[in-house]
>>> print(open('final.txt').read())   # compact mmCIF, C-alpha atoms
# COMPACT_ATOMS: atom_id res chain seq x y z
CA MET Y 20 16.99 21.77 16.21
CA THR Y 21 19.19 19.12 17.77
CA THR Y 22 18.51 15.40 17.47
CA THR Y 23 20.11 12.20 18.65
CA ASN Y 24 18.68 10.30 15.73
CA ARG Y 25 20.84 8.24 13.44
CA ARG Y 26 20.14 6.42 10.23
CA ALA Y 27 18.39 3.12 10.62
CA ILE Y 28 20.49 0.29 9.25
CA GLY Y 29 18.35 -1.56 6.71
CA ALA Y 30 14.88 -0.67 5.55
CA ALA Y 31 13.11 -3.28 7.66
CA LYS Y 32 13.84 -6.31 9.80
CA ARG Y 33 12.32 -9.74 9.72
CA THR Y 34 9.39 -9.73 12.13
CA ARG Y 35 7.47 -12.95 11.74
CA SER Y 36 4.88 -13.17 14.47
CA ALA Y 37 3.50 -16.53 15.60
CA PRO Y 38 0.32 -16.13 13.47
CA SER Y 39 2.25 -15.19 10.32
CA SER Y 40 4.75 -18.01 10.89
CA ARG Y 41 1.93 -20.53 11.21
CA ALA Y 42 0.30 -19.17 8.06
CA LEU Y 43 3.52 -19.43 6.07
CA THR Y 44 4.17 -22.92 7.36
CA GLN Y 45 0.70 -23.92 6.16
CA LEU Y 46 1.31 -22.23 2.81
CA GLU Y 47 4.58 -24.08 2.33
CA ALA Y 48 2.94 -27.39 3.24
CA LEU Y 49 0.13 -27.07 0.69
CA PRO Y 50 0.36 -29.65 -2.11
CA ASP Y 51 0.43 -28.81 -5.80
CA LEU Y 52 -2.23 -26.14 -6.34
CA ALA Y 53 -3.00 -27.52 -9.79
CA SER Y 54 -4.68 -30.45 -8.05
CA ALA Y 55 -6.68 -28.27 -5.64
CA GLY Y 56 -10.28 -27.24 -6.07
CA LEU Y 57 -10.53 -23.71 -7.49
CA ARG Y 58 -13.20 -21.01 -7.22
CA PHE Y 59 -12.58 -17.89 -9.31
CA VAL Y 60 -14.57 -14.85 -8.23
CA ALA Y 61 -14.97 -11.38 -9.74
CA LEU Y 62 -15.41 -8.71 -7.06
CA GLY Y 63 -16.46 -5.09 -6.88
CA THR Y 64 -18.42 -2.60 -4.77
CA ASP Y 65 -21.85 -1.13 -5.41
CA ASP Y 66 -22.92 2.50 -5.14
CA THR Y 67 -23.19 2.24 -1.36
CA GLY Y 68 -19.70 0.80 -1.00
CA ASP Y 69 -20.90 -2.73 -0.21
CA PRO Y 70 -18.89 -5.51 -1.86
CA TRP Y 71 -20.38 -7.91 -4.39
CA GLY Y 72 -19.02 -11.12 -5.84
CA ARG Y 73 -19.88 -13.28 -8.85
CA LEU Y 74 -18.60 -16.76 -9.59
CA LEU Y 75 -16.87 -17.45 -12.90
CA GLU Y 76 -16.84 -20.91 -14.47
CA LEU Y 77 -13.42 -21.92 -15.75
CA GLY Y 78 -12.19 -24.26 -18.43
CA ARG Y 79 -9.38 -26.67 -17.66
CA SER Y 80 -6.61 -24.62 -19.28
CA ALA Y 81 -7.75 -21.44 -17.50
CA ALA Y 82 -7.75 -23.22 -14.13
CA THR Y 83 -4.30 -24.64 -14.83
CA GLY Y 84 -2.99 -21.21 -15.75
CA LEU Y 85 -4.34 -19.63 -12.55
CA ALA Y 86 -2.79 -22.43 -10.49
CA GLU Y 87 0.57 -21.76 -12.15
CA ILE Y 88 0.30 -18.04 -11.33
CA ALA Y 89 -0.64 -18.83 -7.72
CA THR Y 90 2.26 -21.28 -7.42
CA ALA Y 91 4.71 -18.62 -8.62
CA THR Y 92 3.22 -16.11 -6.17
CA ARG Y 93 3.53 -18.64 -3.33
CA ALA Y 94 7.22 -19.15 -4.15
CA ARG Y 95 7.80 -15.40 -4.21
CA LEU Y 96 6.06 -14.98 -0.86
CA LEU Y 97 7.97 -17.79 0.83
CA ASP Y 98 11.23 -16.30 -0.46
CA SER Y 99 10.42 -12.81 0.91
CA THR Y 100 11.16 -11.22 4.26
CA VAL Y 101 7.94 -10.53 6.17
CA ILE Y 102 7.31 -7.12 7.76
CA HIS Y 103 4.23 -6.10 9.71
CA TYR Y 104 1.86 -3.53 8.25
CA GLU Y 105 2.38 0.02 9.44
CA PRO Y 106 0.91 3.05 7.65
CA ALA Y 107 4.31 4.77 7.69
CA ALA Y 108 6.27 1.78 6.42
CA LEU Y 109 7.18 1.02 2.83
CA ILE Y 110 7.79 -2.40 1.30
CA PRO Y 111 11.45 -2.71 0.28
CA PRO Y 112 12.49 -5.06 -2.54
CA GLY Y 113 12.53 -8.65 -1.41
CA HIS Y 114 9.96 -8.03 1.33
CA VAL Y 115 6.26 -8.71 1.76
CA MET Y 116 3.92 -6.95 4.20
CA GLN Y 117 1.58 -8.82 6.54
CA VAL Y 118 -1.54 -7.87 8.46
CA ALA Y 119 -4.23 -9.88 10.23
CA ALA Y 120 -7.18 -10.15 7.86
CA GLY Y 121 -9.51 -9.10 10.67
CA GLN Y 122 -7.79 -5.70 10.86
CA ALA Y 123 -9.09 -4.91 7.37
CA ALA Y 124 -12.85 -4.92 7.77
CA LEU Y 125 -13.53 -4.83 4.04
CA LEU Y 126 -11.08 -7.67 3.38
CA ASP Y 127 -12.79 -9.74 6.08
CA ARG Y 128 -16.17 -9.21 4.39
CA ILE Y 129 -14.81 -9.98 0.94
CA GLN Y 130 -13.04 -13.12 2.13
CA THR Y 131 -16.24 -14.34 3.79
CA MET Y 132 -18.01 -13.78 0.46
CA VAL Y 133 -15.34 -15.64 -1.50
CA ASP Y 134 -15.50 -18.53 0.98
CA GLY Y 135 -19.30 -18.74 0.71
CA ALA Y 136 -21.10 -21.24 -1.48
CA ASP Y 137 -24.05 -19.18 -2.71
CA LEU Y 138 -22.50 -16.77 -5.21
CA GLU Y 139 -24.43 -16.02 -8.36
CA PRO Y 140 -22.76 -16.71 -11.72
CA PHE Y 141 -20.93 -13.88 -13.44
CA ASP Y 142 -22.67 -12.20 -16.37
CA ALA Y 143 -20.26 -10.38 -18.67
CA ARG Y 144 -23.17 -8.40 -20.17
CA ALA Y 145 -24.28 -6.95 -16.82
CA GLU Y 146 -23.40 -3.39 -15.90
CA TYR Y 147 -21.33 -4.50 -12.90
CA ALA Y 148 -18.96 -6.38 -15.22
CA GLN Y 149 -17.37 -3.06 -16.18
CA SER Y 150 -16.59 -2.07 -12.58
CA ILE Y 151 -14.57 -4.99 -11.24
CA THR Y 152 -12.16 -3.97 -8.47
CA MET Y 153 -10.38 -7.31 -8.07
CA VAL Y 154 -10.53 -11.03 -8.77
CA ALA Y 155 -9.95 -13.84 -6.28
CA ALA Y 156 -8.70 -17.36 -6.89
CA ARG Y 157 -9.55 -19.61 -3.93
CA PHE Y 158 -7.75 -22.94 -3.79
CA GLU Y 159 -8.88 -25.74 -1.45
CA THR Y 160 -6.90 -28.97 -1.17
CA ASP Y 161 -8.27 -32.43 -0.43
CA SER Y 162 -6.86 -32.14 3.09
CA GLY Y 163 -8.86 -28.94 3.74
CA GLY Y 164 -6.05 -26.43 3.25
CA VAL Y 165 -7.32 -23.13 1.83
CA VAL Y 166 -5.45 -20.20 0.28
CA THR Y 167 -6.95 -17.26 -1.59
CA CYS Y 168 -4.98 -15.12 -4.04
CA TYR Y 169 -6.18 -11.68 -5.11
CA ARG Y 170 -5.33 -9.59 -8.14
CA LEU Y 171 -6.23 -5.98 -7.44
CA ALA Y 172 -7.66 -3.37 -9.78
CA GLU Y 173 -5.60 -1.84 -12.55
CA PRO Y 174 -6.42 -0.56 -16.05
CA LEU Y 175 -5.65 -3.98 -17.51
CA LEU Y 176 -7.99 -5.87 -15.14
CA ARG Y 177 -11.40 -5.75 -16.77
CA PHE Y 178 -13.76 -7.71 -18.93
CA ARG Y 179 -13.98 -6.28 -22.40
CA ALA Y 180 -15.42 -7.33 -25.70
CA ASN Y 181 -12.89 -8.04 -28.42
CA ARG Y 182 -13.98 -5.68 -31.18
CA LEU Y 183 -10.62 -5.46 -32.94
CA PHE Y 184 -9.56 -7.40 -35.99
CA GLY Y 185 -7.16 -9.95 -34.60
CA LEU Y 186 -5.18 -12.88 -35.95
CA VAL Y 187 -3.88 -15.94 -34.14
CA ARG Y 188 -1.42 -18.52 -35.46
CA ARG Y 189 -2.77 -22.05 -35.73
CA GLY Y 190 -0.98 -24.88 -37.51
CA GLY Y 191 1.49 -22.63 -39.29
CA ARG Y 192 -1.01 -20.10 -40.58
CA TYR Y 193 -3.00 -17.22 -39.15
CA ASP Y 194 -6.73 -17.36 -38.56
CA ARG Y 195 -9.04 -14.62 -37.44
CA ILE Y 196 -9.91 -14.39 -33.73
CA GLU Y 197 -13.64 -14.57 -33.22
CA ALA Y 198 -15.18 -11.77 -31.13
CA ALA Y 199 -15.42 -12.73 -27.45
CA ASP Y 200 -15.55 -11.32 -23.94
CA MET Y 201 -12.07 -11.41 -22.42
CA LEU Y 202 -10.72 -10.98 -18.92
CA LEU Y 203 -7.27 -9.44 -19.00
CA MET Y 204 -4.96 -9.58 -15.97
CA ARG Y 205 -1.26 -9.64 -15.32
CA PRO Y 206 0.22 -13.06 -14.52
CA ASP Y 207 0.78 -12.52 -10.80
CA PHE Y 208 -1.23 -12.00 -7.62
CA ASP Y 209 -0.94 -9.05 -5.23
CA VAL Y 210 -2.41 -10.52 -2.03
CA VAL Y 211 -2.32 -13.98 -0.46
CA VAL Y 212 -4.76 -14.77 2.38
CA LEU Y 213 -4.67 -17.88 4.55
CA ALA Y 214 -5.06 -18.82 8.20
CA GLY Y 215 -6.46 -15.36 9.00
CA GLN Y 216 -3.39 -13.53 7.68
CA ALA Y 217 -3.01 -11.36 4.58
CA PHE Y 218 0.34 -10.96 2.82
CA PHE Y 219 0.72 -8.32 0.11
CA PHE Y 220 3.33 -6.84 -2.20
CA ARG Y 221 1.72 -3.52 -3.22
CA LYS Y 222 1.00 -1.43 -0.13
CA VAL Y 223 -0.94 1.52 -1.58
CA ALA Y 224 -3.02 -0.76 -3.82
CA PHE Y 225 -3.84 -2.94 -0.80
CA GLU Y 226 -4.79 0.08 1.32
CA ARG Y 227 -7.02 1.45 -1.41
CA ALA Y 228 -8.70 -1.87 -2.20
CA PHE Y 229 -9.54 -2.81 1.39
CA GLY Y 230 -10.46 0.51 2.97
CA PHE Y 231 -7.24 1.37 4.80
CA LEU Y 232 -6.88 4.68 2.98
CA ASP Y 233 -10.11 6.01 4.52
CA GLU Y 234 -8.80 5.30 8.02
CA LEU Y 235 -5.37 6.66 7.11
CA ARG Y 236 -6.92 9.85 5.72
CA GLN Y 237 -8.80 10.55 8.94
CA ALA Y 238 -5.76 9.81 11.10
CA SER Y 239 -3.59 12.01 8.87
CA ALA Y 240 -5.97 14.95 9.26
CA GLU Y 241 -5.98 14.60 13.05
CA THR Y 242 -2.19 14.38 13.21
CA PHE Y 243 -1.67 17.29 10.82
CA ASP Y 244 -4.02 19.55 12.77
CA GLN Y 245 -2.35 18.66 16.04
CA VAL Y 246 1.26 19.11 14.93
CA THR Y 247 0.60 22.39 13.05
CA ASP Y 248 -1.80 23.90 15.58
CA ARG Y 249 0.69 26.53 16.78
CA LEU Y 250 2.73 26.84 13.59
CA ARG Y 251 2.62 29.60 10.98
CA ILE Y 252 2.76 28.19 7.45
CA ASP Y 253 1.88 30.03 4.26
CA GLY Y 254 -0.10 27.61 2.10
CA LEU Y 255 -1.28 25.62 5.12
CA ALA Y 256 -4.55 24.58 3.43
CA GLU Y 257 -2.68 23.28 0.38
CA LEU Y 258 -0.25 21.37 2.56
CA ARG Y 259 -3.09 19.87 4.58
CA ALA Y 260 -4.87 18.79 1.41
CA ALA Y 261 -1.73 17.03 0.19
CA CYS Y 262 -1.18 15.33 3.57
CA THR Y 263 -4.74 14.00 3.69
CA THR Y 264 -5.23 12.85 0.09
CA GLN Y 265 -1.92 11.53 -1.25
CA PRO Y 266 -0.92 8.07 0.04
CA GLN Y 267 2.79 8.88 0.38
CA MET Y 268 2.04 12.06 2.31
CA MET Y 269 -0.44 10.24 4.52
CA ALA Y 270 2.20 7.63 5.26
CA LYS Y 271 4.49 10.45 6.32
CA MET Y 272 1.80 11.75 8.68
CA ALA Y 273 1.60 8.25 10.15
CA SER Y 274 5.33 8.45 10.79
CA VAL Y 275 4.85 11.81 12.54
CA ARG Y 276 2.11 10.27 14.70
CA ARG Y 277 4.34 7.35 15.64
CA THR Y 278 7.10 9.74 16.65
CA MET Y 279 4.66 11.80 18.72
CA ASP Y 280 3.42 8.71 20.50
CA GLU Y 281 6.89 7.33 21.19
CA ASP Y 282 8.65 10.55 22.19
CA PRO Y 283 6.88 12.97 24.54
CA ASP Y 284 9.57 15.59 23.87
CA TYR Y 285 8.90 15.62 20.13
CA ALA Y 286 5.68 17.65 19.99
CA ALA Y 287 7.04 20.16 22.50
CA ALA Y 288 10.09 20.69 20.27
CA MET Y 289 7.98 21.58 17.21
CA THR Y 290 7.75 25.32 17.90
CA MET Y 291 8.08 28.19 15.44
CA PRO Y 292 11.27 29.60 17.01
CA ARG Y 293 12.98 26.20 16.83
CA LEU Y 294 11.81 25.46 13.30
CA ILE Y 295 12.69 28.91 11.96
CA ALA Y 296 16.12 28.78 13.60
CA TYR Y 297 16.83 25.38 12.11
CA VAL Y 298 15.64 26.29 8.61
CA GLU Y 299 17.68 29.50 8.57
CA ALA Y 300 20.77 27.69 9.86
CA HIS Y 301 20.42 25.00 7.17
CA PRO Y 302 19.49 26.69 3.87
CA THR Y 303 20.24 23.51 1.91
CA ILE Y 304 16.92 21.98 2.98
CA ASN Y 305 15.16 24.49 0.72
CA ILE Y 306 12.32 25.79 2.88
CA GLU Y 307 11.49 29.44 2.33
CA VAL Y 308 10.87 31.71 5.32
CA ALA Y 309 8.58 34.73 4.84
CA GLY Y 310 8.01 37.74 7.07
CA THR Y 311 10.22 39.36 9.67
CA GLY Y 312 10.74 39.13 13.40
CA ALA Y 313 8.02 37.35 15.34
CA ASP Y 314 5.87 37.15 12.18
CA ARG Y 315 8.25 34.85 10.29
CA ARG Y 316 6.50 31.95 8.61
CA LEU Y 317 7.40 28.77 6.75
CA VAL Y 318 6.27 28.72 3.12
CA PHE Y 319 4.85 25.57 1.55
CA ASP Y 320 6.17 25.10 -1.98
CA PRO Y 321 3.98 22.61 -3.92
CA SER Y 322 6.56 22.05 -6.66
CA PRO Y 323 7.68 18.40 -7.01
CA ALA Y 324 11.22 19.19 -5.85
CA ARG Y 325 10.19 20.93 -2.61
CA ARG Y 326 6.70 19.78 -1.67
CA TRP Y 327 8.05 17.26 0.83
CA GLN Y 328 10.37 19.59 2.69
CA ILE Y 329 8.06 20.89 5.43
CA VAL Y 330 6.63 17.43 6.02
CA LYS Y 331 10.15 16.05 6.36
CA LEU Y 332 10.97 18.85 8.79
CA LEU Y 333 7.93 17.98 10.90
CA ASP Y 334 9.01 14.33 10.87
CA ASP Y 335 12.51 15.29 12.07
CA ASP Y 336 14.15 13.87 8.95
CA PHE Y 337 17.09 16.27 8.66
CA LEU Y 338 20.18 15.02 10.45
CA HIS Y 339 23.64 16.41 11.11
CA SER Y 340 26.64 14.08 11.02
CA VAL Y 341 29.05 14.77 13.85
CA LEU Y 342 31.70 12.74 12.01
CA THR Y 343 31.60 14.41 8.59
CA GLU Y 344 29.77 17.69 9.39
CA ARG Y 345 27.37 16.86 6.55
CA GLU Y 346 23.60 17.28 6.51
CA TYR Y 347 21.44 14.27 5.60
CA GLU Y 348 17.84 13.37 4.94
CA ALA Y 349 17.00 10.14 6.75
CA ALA Y 350 14.52 7.76 5.17
CA GLY Y 351 14.45 5.79 8.42
CA LYS Y 352 15.77 6.46 11.89
CA VAL Y 353 15.97 5.10 15.37
CA ARG Y 354 16.69 7.01 18.54
CA ALA Y 355 20.06 6.52 20.13
CA LEU Y 356 20.06 5.04 23.61
CA ARG Y 357 20.30 7.61 26.36
CA THR Y 358 23.07 7.13 28.86
>>> encode(input="final.txt", output="structure tokens")
Amino acid sequence: MTTTNRRAIGAAKRTRSAPSSRALTQLEALPDLASAGLRFVALGTDDTGDPWGRLLELGRSAATGLAEIATATRARLLDSTVIHYEPAALIPPGHVMQVAAGQAALLDRIQTMVDGADLEPFDARAEYAQSITMVAARFETDSGGVVTCYRLAEPLLRFRANRLFGLVRRGGRYDRIEAADMLLMRPDFDVVVLAGQAFFFRKVAFERAFGFLDELRQASAETFDQVTDRLRIDGLAELRAACTTQPQMMAKMASVRRTMDEDPDYAAAMTMPRLIAYVEAHPTINIEVAGTGADRRLVFDPSPARRWQIVKLLDDDFLHSVLTEREYEAAGKVRALRT
């Protein structure tokens, strides 16, 4: 297999669109969030997958604490480089990913719910209280500026009754903590939504929370079936299952799809003779070949060290340096200009 690919310099580039720039300008212009009106909403989905929301009443110190967390998240966002959402892209350190809220149907529905004024109060004793998927803190300033910050599901994020024997220090001595229902969450937010734009720091968590993984799973299956249609791979069913259930593998399938769409020559080059010839000429990529003659097949190895190798091969990730004669795996690549 010959390629004219080279390593991409940098993991991502700054790509602020007009909508995201306007949103960030509005975010930066918001006054102190501690003085803004705050609605704090617990959110989840019912058995049919429909979202529900319940309004939580807050004491002054709780509201102040949430405003401090939101302020720190705002500063982190404004200090980050913005990249557009792509299923195949990762979020490098110092970056934040952006997508129009309308592109995430479930997020759009949830945001409409959080913005609404008719939410029922939260009941910590209700069954739904044990199945919270996220919480939202919606801040509205006197001038009408609105920003909503989401903390997405994790083991820590849940209401639970304090049934342990606990002590707290008061006035130089320790007193017993009275039993109470507690909401535990980490002191940062994952998603910031304003002006129709969503900015997020945890890609897989965002995809899972707002329904992107379902779309990605379907697209991954279609891409996998298309690119492997004429290939012979031992363990094909196992490989397909991995590529349609695991977020990192599905992101890799999205990268394959992007390459197929951008380069008409790519799919035509993915033939068994080409792949077998390349694998046998480059044993360091650790893909086993079974069979003989025209019956030779690639073998999927599900072990952690080798499970990615066939997927990387299909995504054209193995490069040869003309300068050093070394073989590389490319995490990102751009095509060289043709002359």
>>> closest_residue(input="final.txt", among="Y:Leu333, Y:Val165, Y:Ile306, Y:Ala55", to="Asp320 of chain Y", atoms="only C-alpha atoms")
Y:Ile306
>>> residues_around(input="final.txt", residues="Asp134 of chain Y", least_positions_apart="2", cutoff="10 Å", atoms="all atoms listed in the file", output="short mmCIF file (atom, residue, chain, number, x, y, z; two decimals) with C-alpha atoms, in the frame of the given file")
data_model
loop_
_atom_site.label_atom_id
_atom_site.label_comp_id
_atom_site.auth_asym_id
_atom_site.auth_seq_id
_atom_site.Cartn_x
_atom_site.Cartn_y
_atom_site.Cartn_z
CA ARG Y 58 -13.20 -21.01 -7.22
CA VAL Y 60 -14.57 -14.85 -8.23
CA ARG Y 128 -16.17 -9.21 4.39
CA ILE Y 129 -14.81 -9.98 0.94
CA GLN Y 130 -13.04 -13.12 2.13
CA THR Y 131 -16.24 -14.34 3.79
CA MET Y 132 -18.01 -13.78 0.46
CA ALA Y 136 -21.10 -21.24 -1.48
CA ASP Y 137 -24.05 -19.18 -2.71
CA LEU Y 138 -22.50 -16.77 -5.21
CA ARG Y 157 -9.55 -19.61 -3.93
CA VAL Y 165 -7.32 -23.13 1.83
CA THR Y 167 -6.95 -17.26 -1.59
#
>>> atom_distance(input="final.txt", atom1="atom CA of Ala309 of chain Y", atom2="atom CA of Met289 of chain Y")
18.1 Å
>>> closest_residue(input="final.txt", among="Y:Ala48, Y:Val115, Y:Glu257, Y:Arg277", to="Thr92 of chain Y", atoms="only C-alpha atoms")
Y:Val115
>>> atom_distance(input="final.txt", atom1="atom CA of Asp314 of chain Y", atom2="atom CA of Ile295 of chain Y")
10.7 Å
>>> closest_residue(input="final.txt", among="Y:Leu250, Y:Val275, Y:Ala53, Y:Ala324", to="Asp161 of chain Y", atoms="only C-alpha atoms")
Y:Ala53
>>> residues_near_point(input="final.txt", point="(5.4, 7.0, 7.2)", cutoff="7 Å", atoms="all atoms listed in the file", output="PyMOL selection string")
chain Y and resi 106-108+270-274
>>> write_last_selection(input="final.txt", atoms="C-alpha atoms", output="mmCIF file, keeping the file's coordinate frame")
data_model
loop_
_atom_site.group_PDB
_atom_site.id
_atom_site.type_symbol
_atom_site.label_atom_id
_atom_site.label_comp_id
_atom_site.auth_asym_id
_atom_site.auth_seq_id
_atom_site.Cartn_x
_atom_site.Cartn_y
_atom_site.Cartn_z
ATOM 1 C CA PRO Y 106 0.910 3.050 7.650
ATOM 2 C CA ALA Y 107 4.310 4.770 7.690
ATOM 3 C CA ALA Y 108 6.270 1.780 6.420
ATOM 4 C CA ALA Y 270 2.200 7.630 5.260
ATOM 5 C CA LYS Y 271 4.490 10.450 6.320
ATOM 6 C CA MET Y 272 1.800 11.750 8.680
ATOM 7 C CA ALA Y 273 1.600 8.250 10.150
ATOM 8 C CA SER Y 274 5.330 8.450 10.790
#
>>> atom_distance(input="final.txt", atom1="atom CA of Thr67 of chain Y", atom2="atom CA of Asp233 of chain Y")
14.8 Å
>>> build_atoms(input="final.txt", residues="segment 205-222 of chain Y", atoms="N, CA, C and O atoms", output="short mmCIF file (atom, residue, chain, number, x, y, z; two decimals), keeping the file's coordinate frame")
data_model
loop_
_atom_site.label_atom_id
_atom_site.label_comp_id
_atom_site.auth_asym_id
_atom_site.auth_seq_id
_atom_site.Cartn_x
_atom_site.Cartn_y
_atom_site.Cartn_z
N ARG Y 205 -2.68 -9.32 -15.31
CA ARG Y 205 -1.26 -9.64 -15.32
C ARG Y 205 -1.04 -10.98 -14.64
O ARG Y 205 -1.78 -11.36 -13.74
N PRO Y 206 0.01 -11.70 -15.04
CA PRO Y 206 0.22 -13.06 -14.52
C PRO Y 206 0.90 -13.10 -13.15
O PRO Y 206 1.94 -13.74 -12.97
N ASP Y 207 0.34 -12.40 -12.18
CA ASP Y 207 0.78 -12.52 -10.80
C ASP Y 207 -0.34 -12.04 -9.89
O ASP Y 207 -1.27 -11.37 -10.32
N PHE Y 208 -0.24 -12.42 -8.60
CA PHE Y 208 -1.23 -12.00 -7.62
C PHE Y 208 -0.59 -11.01 -6.65
O PHE Y 208 0.61 -11.06 -6.39
N ASP Y 209 -1.42 -10.10 -6.13
CA ASP Y 209 -0.94 -9.05 -5.23
C ASP Y 209 -1.06 -9.43 -3.76
O ASP Y 209 -0.28 -8.97 -2.94
N VAL Y 210 -2.08 -10.22 -3.43
CA VAL Y 210 -2.41 -10.52 -2.03
C VAL Y 210 -2.64 -12.01 -1.88
O VAL Y 210 -3.28 -12.64 -2.73
N VAL Y 211 -2.10 -12.57 -0.80
CA VAL Y 211 -2.32 -13.98 -0.46
C VAL Y 211 -2.93 -14.02 0.94
O VAL Y 211 -2.37 -13.44 1.88
N VAL Y 212 -4.07 -14.69 1.09
CA VAL Y 212 -4.76 -14.77 2.38
C VAL Y 212 -4.90 -16.23 2.78
O VAL Y 212 -5.41 -17.04 1.99
N LEU Y 213 -4.44 -16.55 3.98
CA LEU Y 213 -4.67 -17.88 4.55
C LEU Y 213 -4.48 -17.82 6.05
O LEU Y 213 -3.73 -16.96 6.55
N ALA Y 214 -5.17 -18.70 6.75
CA ALA Y 214 -5.06 -18.82 8.20
C ALA Y 214 -5.25 -17.48 8.90
O ALA Y 214 -4.59 -17.18 9.90
N GLY Y 215 -6.16 -16.64 8.36
CA GLY Y 215 -6.46 -15.36 9.00
C GLY Y 215 -5.42 -14.29 8.80
O GLY Y 215 -5.49 -13.23 9.43
N GLN Y 216 -4.45 -14.51 7.93
CA GLN Y 216 -3.39 -13.53 7.68
C GLN Y 216 -3.39 -13.13 6.21
O GLN Y 216 -3.62 -13.97 5.33
N ALA Y 217 -3.12 -11.86 5.95
CA ALA Y 217 -3.01 -11.36 4.58
C ALA Y 217 -1.58 -10.91 4.33
O ALA Y 217 -1.01 -10.17 5.13
N PHE Y 218 -1.00 -11.35 3.22
CA PHE Y 218 0.34 -10.96 2.82
C PHE Y 218 0.22 -10.24 1.48
O PHE Y 218 -0.46 -10.72 0.57
N PHE Y 219 0.90 -9.10 1.34
CA PHE Y 219 0.72 -8.32 0.11
C PHE Y 219 2.02 -7.64 -0.29
O PHE Y 219 2.87 -7.33 0.53
N PHE Y 220 2.13 -7.40 -1.61
CA PHE Y 220 3.33 -6.84 -2.20
C PHE Y 220 3.18 -5.39 -2.61
O PHE Y 220 4.18 -4.69 -2.79
N ARG Y 221 1.95 -4.91 -2.79
CA ARG Y 221 1.72 -3.52 -3.22
C ARG Y 221 0.92 -2.82 -2.12
O ARG Y 221 -0.29 -2.98 -2.01
N LYS Y 222 1.60 -2.01 -1.33
CA LYS Y 222 1.00 -1.43 -0.13
C LYS Y 222 -0.15 -0.48 -0.45
O LYS Y 222 -1.25 -0.60 0.09
#
